[in-house]
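Data block for upload_33.cif (mmCIF, C-alpha atoms):
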```cif
data_input
#
loop_
_atom_site.label_atom_id
_atom_site.label_comp_id
_atom_site.auth_asym_id
_atom_site.auth_seq_id
_atom_site.Cartn_x
_atom_site.Cartn_y
_atom_site.Cartn_z
CA MET A 1 43.20 -32.89 -25.72
CA THR A 2 40.36 -30.80 -27.04
CA ASP A 3 39.17 -27.32 -26.22
CA SER A 4 35.66 -28.52 -25.43
CA ASP A 5 33.39 -26.77 -22.98
CA PRO A 6 34.07 -28.24 -19.49
CA ASP A 7 30.44 -27.66 -18.51
CA ALA A 8 29.08 -29.50 -21.55
CA ALA A 9 29.26 -32.88 -19.81
CA LEU A 10 27.37 -31.71 -16.73
CA PRO A 11 23.72 -32.73 -16.57
CA ALA A 12 21.22 -29.91 -16.59
CA ALA A 13 19.95 -28.95 -13.16
CA PRO A 14 16.37 -30.08 -12.60
CA VAL A 15 13.80 -27.33 -12.99
CA PRO A 16 12.14 -26.56 -9.64
CA PHE A 17 8.51 -27.63 -9.51
CA TRP A 18 7.36 -24.08 -8.74
CA ARG A 19 8.27 -23.05 -12.27
CA LYS A 20 5.45 -25.22 -13.56
CA ARG A 21 2.07 -23.82 -14.39
CA LEU A 22 -0.10 -23.76 -11.27
CA GLU A 23 -2.49 -26.27 -12.85
CA ASP A 24 0.32 -28.73 -13.55
CA MET A 25 1.44 -29.14 -9.94
CA SER A 26 0.74 -32.29 -8.00
CA PRO A 27 -1.37 -31.93 -4.85
CA ALA A 28 1.78 -32.28 -2.72
CA GLU A 29 3.63 -29.62 -4.72
CA TRP A 30 0.62 -27.31 -4.49
CA GLU A 31 0.32 -27.67 -0.71
CA SER A 32 4.07 -27.15 -0.26
CA LEU A 33 3.82 -23.67 -1.81
CA CYS A 34 2.26 -22.56 1.47
CA ASP A 35 5.15 -21.36 3.62
CA GLY A 36 3.10 -21.48 6.83
CA CYS A 37 3.47 -17.78 7.59
CA GLY A 38 -0.18 -17.29 8.58
CA ARG A 39 -0.53 -13.90 6.88
CA CYS A 40 -3.48 -15.01 4.79
CA CYS A 41 -5.23 -16.09 8.01
CA LEU A 42 -5.34 -12.53 9.35
CA VAL A 43 -8.68 -10.74 9.27
CA LYS A 44 -8.79 -8.31 6.38
CA LEU A 45 -11.04 -5.34 5.85
CA GLU A 46 -12.06 -3.99 2.46
CA ASP A 47 -12.86 -0.37 1.77
CA GLU A 48 -16.21 -0.47 -0.01
CA ASP A 49 -15.45 2.68 -2.01
CA THR A 50 -11.92 1.87 -3.20
CA ALA A 51 -11.87 -1.96 -2.87
CA GLU A 52 -8.53 -1.55 -1.08
CA THR A 53 -7.70 -4.33 1.37
CA TYR A 54 -6.40 -3.63 4.86
CA TYR A 55 -4.79 -6.31 7.02
CA THR A 56 -5.34 -6.46 10.76
CA ASP A 57 -3.27 -8.15 13.45
CA VAL A 58 -6.35 -10.20 14.37
CA ALA A 59 -6.22 -13.86 13.39
CA CYS A 60 -8.84 -16.30 12.22
CA LYS A 61 -10.28 -18.27 15.11
CA LEU A 62 -8.65 -21.44 13.74
CA LEU A 63 -5.11 -20.09 13.43
CA ASP A 64 -2.75 -21.61 15.97
CA ALA A 65 -0.64 -18.59 16.95
CA GLY A 66 2.34 -20.76 17.89
CA THR A 67 2.60 -22.90 14.77
CA CYS A 68 0.91 -20.42 12.39
CA ARG A 69 -1.07 -23.32 10.96
CA CYS A 70 -4.78 -23.97 10.83
CA ALA A 71 -5.96 -25.89 13.87
CA ASP A 72 -8.57 -27.72 11.77
CA TYR A 73 -7.35 -27.55 8.18
CA PRO A 74 -9.51 -30.42 6.81
CA ASN A 75 -12.71 -28.85 8.19
CA ARG A 76 -11.77 -25.17 7.96
CA GLN A 77 -14.44 -24.22 5.43
CA ARG A 78 -17.16 -25.79 7.53
CA GLU A 79 -15.89 -23.97 10.64
CA VAL A 80 -15.13 -20.70 8.85
CA PRO A 81 -17.48 -20.40 5.85
CA ASP A 82 -15.61 -17.44 4.34
CA CYS A 83 -12.24 -19.22 4.48
CA VAL A 84 -10.83 -19.06 0.96
CA ARG A 85 -9.76 -22.33 -0.62
CA LEU A 86 -6.76 -21.59 -2.79
CA THR A 87 -6.94 -23.00 -6.29
CA PRO A 88 -4.99 -21.88 -9.37
CA GLU A 89 -8.03 -19.85 -10.44
CA ALA A 90 -8.44 -18.26 -6.99
CA VAL A 91 -4.71 -17.43 -6.78
CA ARG A 92 -4.99 -15.54 -10.08
CA GLN A 93 -7.98 -13.52 -8.85
CA ILE A 94 -7.21 -12.76 -5.19
CA PRO A 95 -5.69 -9.28 -4.89
CA TRP A 96 -4.80 -9.56 -1.19
CA LEU A 97 -2.27 -12.39 -1.17
CA PRO A 98 0.76 -11.08 0.76
CA PRO A 99 3.87 -10.16 -1.25
CA THR A 100 5.74 -13.01 0.47
CA CYS A 101 3.14 -15.66 -0.46
CA GLY A 102 4.53 -18.62 -2.41
CA TYR A 103 1.33 -18.87 -4.46
CA ARG A 104 1.57 -15.20 -5.41
CA LEU A 105 5.27 -15.45 -6.24
CA VAL A 106 4.65 -18.42 -8.54
CA ARG A 107 1.68 -16.61 -10.10
CA GLU A 108 4.00 -13.71 -10.86
CA GLY A 109 6.65 -16.02 -12.35
CA ARG A 110 9.10 -15.36 -9.53
CA ASP A 111 11.33 -17.76 -7.60
CA LEU A 112 10.67 -18.83 -4.06
CA PRO A 113 12.98 -16.97 -1.64
CA TRP A 114 15.76 -18.49 0.48
CA TRP A 115 13.56 -18.63 3.58
CA HIS A 116 10.71 -20.61 1.98
CA PRO A 117 10.68 -24.12 3.53
CA VAL A 118 10.78 -25.76 0.10
CA VAL A 119 14.07 -23.96 -0.59
CA SER A 120 15.61 -23.95 2.89
CA GLY A 121 14.42 -27.40 3.92
CA ARG A 122 13.44 -25.95 7.30
CA PRO A 123 10.06 -24.50 8.32
CA GLU A 124 11.79 -22.32 10.93
CA THR A 125 13.32 -20.05 8.28
CA VAL A 126 9.92 -18.39 7.78
CA VAL A 127 10.10 -17.21 11.39
CA GLU A 128 13.83 -16.38 11.17
CA ALA A 129 13.18 -14.17 8.14
CA GLY A 130 10.42 -12.28 9.98
CA VAL A 131 7.73 -13.39 7.53
CA SER A 132 5.67 -15.41 10.01
CA VAL A 133 2.85 -13.89 12.06
CA ARG A 134 4.25 -15.65 15.15
CA GLY A 135 4.40 -13.13 17.97
CA LYS A 136 2.58 -10.45 15.94
CA ILE A 137 -1.06 -11.41 16.52
CA SER A 138 -2.95 -9.23 18.99
CA ALA A 139 -6.09 -11.39 19.23
CA HIS A 140 -8.27 -13.95 17.51
CA GLU A 141 -11.42 -12.84 15.71
CA THR A 142 -13.64 -14.24 18.46
CA GLU A 143 -12.01 -11.80 20.91
CA VAL A 144 -12.57 -8.58 18.94
CA LEU A 145 -15.88 -6.97 18.11
CA PRO A 146 -16.28 -6.28 14.38
CA GLU A 147 -16.65 -2.54 14.99
CA ASN A 148 -13.24 -2.56 16.73
CA LEU A 149 -11.36 -4.19 13.84
CA PRO A 150 -10.35 -0.86 12.21
CA GLY A 151 -8.29 -0.17 15.33
CA HIS A 152 -6.26 -3.29 14.54
CA ILE A 153 -5.19 -2.33 11.00
CA VAL A 154 -1.47 -2.92 10.46
CA ARG A 155 0.80 -2.52 7.43
CA TRP A 156 3.42 -5.21 8.01
CA PRO A 157 1.51 -8.14 6.42
CA ASP A 158 1.57 -6.35 3.06
CA ARG A 159 5.35 -5.80 3.20
CA VAL A 160 8.44 -7.94 2.80
CA PRO A 161 10.51 -7.82 6.01
CA LYS A 162 14.11 -6.61 5.65
CA ARG A 163 15.46 -9.95 6.89
CA ALA A 164 13.53 -11.76 4.14
CA ARG A 165 14.91 -9.68 1.27
CA GLY A 166 17.89 -10.71 -0.75
CA LEU A 167 20.08 -13.71 -0.19
CA LYS A 168 20.26 -16.07 2.73
CA PRO A 169 22.22 -14.46 5.56
CA LYS A 170 25.57 -16.02 6.39
CA THR A 171 25.59 -18.06 9.57
#
```

Once more with this new file: its structure as structure tokens, please.
Amino acid sequence: MTDSDPDAALPAAPVPFWRKRLEDMSPAEWESLCDGCGRCCLVKLEDEDTAETYYTDVACKLLDAGTCRCADYPNRQREVPDCVRLTPEAVRQIPWLPPTCGYRLVREGRDLPWWHPVVSGRPETVVEAGVSVRGKISAHETEVLPENLPGHIVRWPDRVPKRARGLKPKT
């Protein structure tokens, strides 16, 4: 018998794809970074003097409030000309990505949290963790006059919900 390391024979765990450089991800890996929360599909206002971004609880006209997915994803930029197409370059430049956003987390060199569908294997964990906009949208942009948007400013999209922090809760 030898005093060898018992872990030495174990194969190394595969490195999760989200630890790759953004540019090195496959299209499927890239798309899977979106957790489907819908936060980026909320109307945002920018203070012209400070460049600070304010989220509202008003959703893009294409956001399905039940699924928190785009109702016309392939044609979204034709339907909503200012819809931002996320690319590695855009992800590095956009200051308003929510703190829960998988693209932002990867940009910052952080791991995806327990509730992210890629980690949990279940899209419902985004809702369970309180990250999703489901049930939090007051209206779609077609239902609110632009001058009334400041009355819809909310802080929650720029925060990590308590349920989403830390480790997966025990069930």

Residues within 12 Å of Val106 of chain A, please, as a PyMOL selection string. Count all atoms listed in the file; anything in the same chain fewer than 3 positions from it doesn't count. chain A and resi 16-23+25+29-30+33-34+88+91-92+97+99-103+109-113

C-alpha atoms of the current selection, written as a PDB file, in the coordinates of the input:
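And here's part34.pdb as it stands now:
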```
ATOM      1  CA  PRO A  16      12.140 -26.560  -9.640  1.00  0.00           C
ATOM      2  CA  PHE A  17       8.510 -27.630  -9.510  1.00  0.00           C
ATOM      3  CA  TRP A  18       7.360 -24.080  -8.740  1.00  0.00           C
ATOM      4  CA  ARG A  19       8.270 -23.050 -12.270  1.00  0.00           C
ATOM      5  CA  LYS A  20       5.450 -25.220 -13.560  1.00  0.00           C
ATOM      6  CA  ARG A  21       2.070 -23.820 -14.390  1.00  0.00           C
ATOM      7  CA  LEU A  22      -0.100 -23.760 -11.270  1.00  0.00           C
ATOM      8  CA  GLU A  23      -2.490 -26.270 -12.850  1.00  0.00           C
ATOM      9  CA  MET A  25       1.440 -29.140  -9.940  1.00  0.00           C
ATOM     10  CA  GLU A  29       3.630 -29.620  -4.720  1.00  0.00           C
ATOM     11  CA  TRP A  30       0.620 -27.310  -4.490  1.00  0.00           C
ATOM     12  CA  LEU A  33       3.820 -23.670  -1.810  1.00  0.00           C
ATOM     13  CA  CYS A  34       2.260 -22.560   1.470  1.00  0.00           C
ATOM     14  CA  PRO A  88      -4.990 -21.880  -9.370  1.00  0.00           C
ATOM     15  CA  VAL A  91      -4.710 -17.430  -6.780  1.00  0.00           C
ATOM     16  CA  ARG A  92      -4.990 -15.540 -10.080  1.00  0.00           C
ATOM     17  CA  LEU A  97      -2.270 -12.390  -1.170  1.00  0.00           C
ATOM     18  CA  PRO A  99       3.870 -10.160  -1.250  1.00  0.00           C
ATOM     19  CA  THR A 100       5.740 -13.010   0.470  1.00  0.00           C
ATOM     20  CA  CYS A 101       3.140 -15.660  -0.460  1.00  0.00           C
ATOM     21  CA  GLY A 102       4.530 -18.620  -2.410  1.00  0.00           C
ATOM     22  CA  TYR A 103       1.330 -18.870  -4.460  1.00  0.00           C
ATOM     23  CA  GLY A 109       6.650 -16.020 -12.350  1.00  0.00           C
ATOM     24  CA  ARG A 110       9.100 -15.360  -9.530  1.00  0.00           C
ATOM     25  CA  ASP A 111      11.330 -17.760  -7.600  1.00  0.00           C
ATOM     26  CA  LEU A 112      10.670 -18.830  -4.060  1.00  0.00           C
ATOM     27  CA  PRO A 113      12.980 -16.970  -1.640  1.00  0.00           C
TER      28      PRO A 113
END
```

Between A:Ala13, A:Cys68, A:Ala51, A:Cys41, which one has atoms that come closest to Pro95 of chain A, using all atoms listed in the file? A:Ala51

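The two atoms in question, atom CA of Ser132 of chain A and atom CA of Asp47 of chain A, are spaced 25.2 Å apart.
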
Using all atoms listed in the file, the best pick from A:Ser120, A:Asp24, A:Gly38, A:Val58 as closest to Leu145 of chain A would be A:Val58

Just the number, please: distance in Å from atom CA of Trp156 of chain A to atom CA of Ser32 of chain A, one decimal.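 Computed distance, atom CA of Trp156 of chain A to atom CA of Ser32 of chain A, equals 23.5 Å.
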
In the coordinates of the file, take the point (9.9, -8.5, 4.3) and a cut-off of 8 Å; then, counting only C-alpha atoms, name each qualifying protein, DNA or RNA residue as a ChimeraX atom specification. /A:100,129-131,159-165

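Taking all atoms listed in the file into account, Val144 of chain A lies nearest to A:Cys60 out of the set A:Cys60, A:Cys83, A:Ala65, A:Cys70.
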
Let me make sure I understand: among A:Leu45, A:Val15, A:Trp115, A:Asp72, which one has the smallest atom-to-atom distance to Gly166 of chain A if we use all atoms listed in the file?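 Closest residue, counting all atoms listed in the file: A:Trp115.
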
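Take atom CA of Ala59 of chain A and atom CA of Val43 of chain A: the distance between them is 5.7 Å.
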
My list of candidates is A:Arg69, A:Lys136, A:Arg107, A:His116. Which is closest to Asp35 of chain A when distances are computed with all atoms listed in the file?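 Ranking A:Arg69, A:Lys136, A:Arg107, A:His116 by distance to Asp35 of chain A, first place goes to A:His116.
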
Which residue of A:Gln77, A:Gly36, A:Pro14, A:Tyr55 approaches Asp158 of chain A most closely, using only C-alpha atoms: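 Closest to Asp158 of chain A of all the choices is A:Tyr55.
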
So which residues touch Lys61 of chain A within 8 Å, counting all atoms listed in the file, skipping near sequence neighbours fewer than 3 positions away, as a ChimeraX atom specification? /A:140-142

Need the shell around Arg155 of chain A: protein/DNA/RNA residues with any atom at most 10 Å away, counting all atoms listed in the file. Skip same-chain ones fewer than 5 positions apart. Format as a PyMOL selection string? chain A and resi 54-57
